[in-house]
Amino acid sequence: MKFGSVAWALAPLLLASVAVSAFGQAQVSTRIVTAELFPTSAERYKLPFPLEPTRRVNLLATSDGLLRSLAVPLGANVREGQEIAQLDRAEAQARLKIADAELKERQAELDEAKKGNGKVAIAEARVDAARGRADLARLALEACTVRAPFSGKIMAIPASPGQVLLKGALIAELADTTSLRVLVPVDRRAVSLGSAIKVTVEGQSVNGKIDAILPLPENYSVLRELATQFAAAWVSIPNSKFDHEPGERVSSPYLPDQPLVNVPTRSVLDSEEDEATKVVQVVRGEYVVNVPVKVLGVVAEEWTQVSGAFKVRDVLIVSSSAPLAGGSFIRLGGDNAANAEPADPNQPGAVASVTAPAGAGSRVAPIGAAGRAKSATKSSSAKKTTKPAAGGAPKSAVPF
């Protein structure tokens, strides 16, 4: 069975004769339900989220003509109003001369009309029309000089001097890099418009602000395989000191960076050290290991998707009828279960003998049980010993 592309399966392993070596601690009999884990790599969900300028414009040719010169190189920082390129001005200058001459002619006609030699109203209208044509010709001449509308950086120059351009052809691309933005996936339940967010830019933690929250775009569709309720957020990042450049990669804090698995919800516990941190218990190399996890969301009834430092051969501890301390030694095929106190026959799972490791100051409550055991008696034994592992070979009592 699959949820998205994250494969999962539960296959209860009957630990018919499991022994837990705790070196100096009394053994208790318990019942343990386990399941195989099939971690999925988080690399599949590491999409590129590049920074881009908040303000960006294309500088275009205002008319058909020849590109005479470029005043700045690619990548140059320019100020507002600075010349970027020069189009051929000959035709525009000629049209301006014609318009100015016509304006003088109409002005002379108006002067004659005011002396009683013509209709003044008609002459005034002709002067106004001529003045408008002269203004248009002057604007066309000024448009032959392409200038920066704001201070910024030249990001692209696809045209070359000597090239004949059509009206609307791209001459250069200008961007204001004092403020950058990025479209990143976020958990819509955890963010709001205008709220602050911390993202990672090329390994550096950076503060930003959410300017807009939108539906997840189609090129991010692979993220729908995850249980997190994703939306897309435009995040703005101030860059007045030019610490960052457009194109730098951004990491979202809501994407997993460790392997993913789907586990029964009852196997996700509060950490003994910090209740805000969640853990699951696994059997790894014959030891109980508490693995801190990030909860991504619910994938089905009684199933939760988590991300953590899982390994391929980890075996999930779904539930236990007695506390299991991290670091307890577990040996498959052992024969100590018969020496432990009898387990409750009404509990699910296979019978196993469990003993906390020496020096354990706290215990994890039974997985799947309501509540948590927050403390236990510290062991008076501080001496480290070894116990034969399965097969008779000695094994260190310290799991890490």
# chains A, B, ... in the order shown; residues from 1 in each chain; ligands from 1
>>> residues_around(residues="Asn77 (chain A)", least_positions_apart="4", cutoff="7 Å", atoms="only C-alpha atoms", output="list in words")
Gly152, Lys153 and Ile154 of chain A
>>> write_last_selection(atoms="N, CA and C atoms", output="JSON list (two decimals), in the first residue's frame")
[["chain", "number", "residue", "atom", "x", "y", "z"],
["A", 152, "GLY", "N", 19.47, 49.86, -9.95],
["A", 152, "GLY", "CA", 19.45, 48.40, -9.92],
["A", 152, "GLY", "C", 20.65, 47.80, -10.62],
["A", 153, "LYS", "N", 20.48, 46.54, -11.02],
["A", 153, "LYS", "CA", 21.56, 45.77, -11.63],
["A", 153, "LYS", "C", 21.10, 45.26, -12.99],
["A", 154, "ILE", "N", 21.99, 45.36, -14.00],
["A", 154, "ILE", "CA", 21.68, 44.85, -15.33],
["A", 154, "ILE", "C", 21.83, 43.33, -15.31]]
>>> residues_around(residues="Leu60 (chain A)", least_positions_apart="3", cutoff="7 Å", atoms="only C-alpha atoms", output="ChimeraX atom specification")
/A:168-171
>>> closest_atom_pairs(of="region 76-184 of chain A", to="region 62-66 of chain A", cutoff="7 Å", atoms="only C-alpha atoms", output="tab-separated table")
residue	atom	partner	partner_atom	distance
A:Leu87	CA	A:Leu66	CA	5.7
A:Asp88	CA	A:Leu66	CA	5.3
A:Ala143	CA	A:Thr62	CA	6.4
A:Gly162	CA	A:Leu66	CA	6.2
A:Gln163	CA	A:Leu66	CA	5.9
A:Val164	CA	A:Leu66	CA	4.4
A:Leu165	CA	A:Gly65	CA	5.5
A:Leu166	CA	A:Asp64	CA	4.3
A:Lys167	CA	A:Ser63	CA	4.2
A:Gly168	CA	A:Thr62	CA	6.1
>>> atom_distance(atom1="CA of Leu260 (chain A)", atom2="CA of Glu275 (chain A)")
21.2 Å
>>> residues_around(residues="Val283 (chain A)", least_positions_apart="5", cutoff="6 Å", atoms="only C-alpha atoms", output="PyMOL selection string")
chain A and resi 288+314-315
>>> write_last_selection(atoms="C-alpha atoms", output="mmCIF file, in the first residue's frame")
data_model
loop_
_atom_site.group_PDB
_atom_site.id
_atom_site.type_symbol
_atom_site.label_atom_id
_atom_site.label_comp_id
_atom_site.auth_asym_id
_atom_site.auth_seq_id
_atom_site.Cartn_x
_atom_site.Cartn_y
_atom_site.Cartn_z
ATOM 1 C CA VAL A 288 16.184 0.257 21.697
ATOM 2 C CA ASP A 314 15.272 -0.358 11.838
ATOM 3 C CA VAL A 315 12.294 -2.189 13.346
#
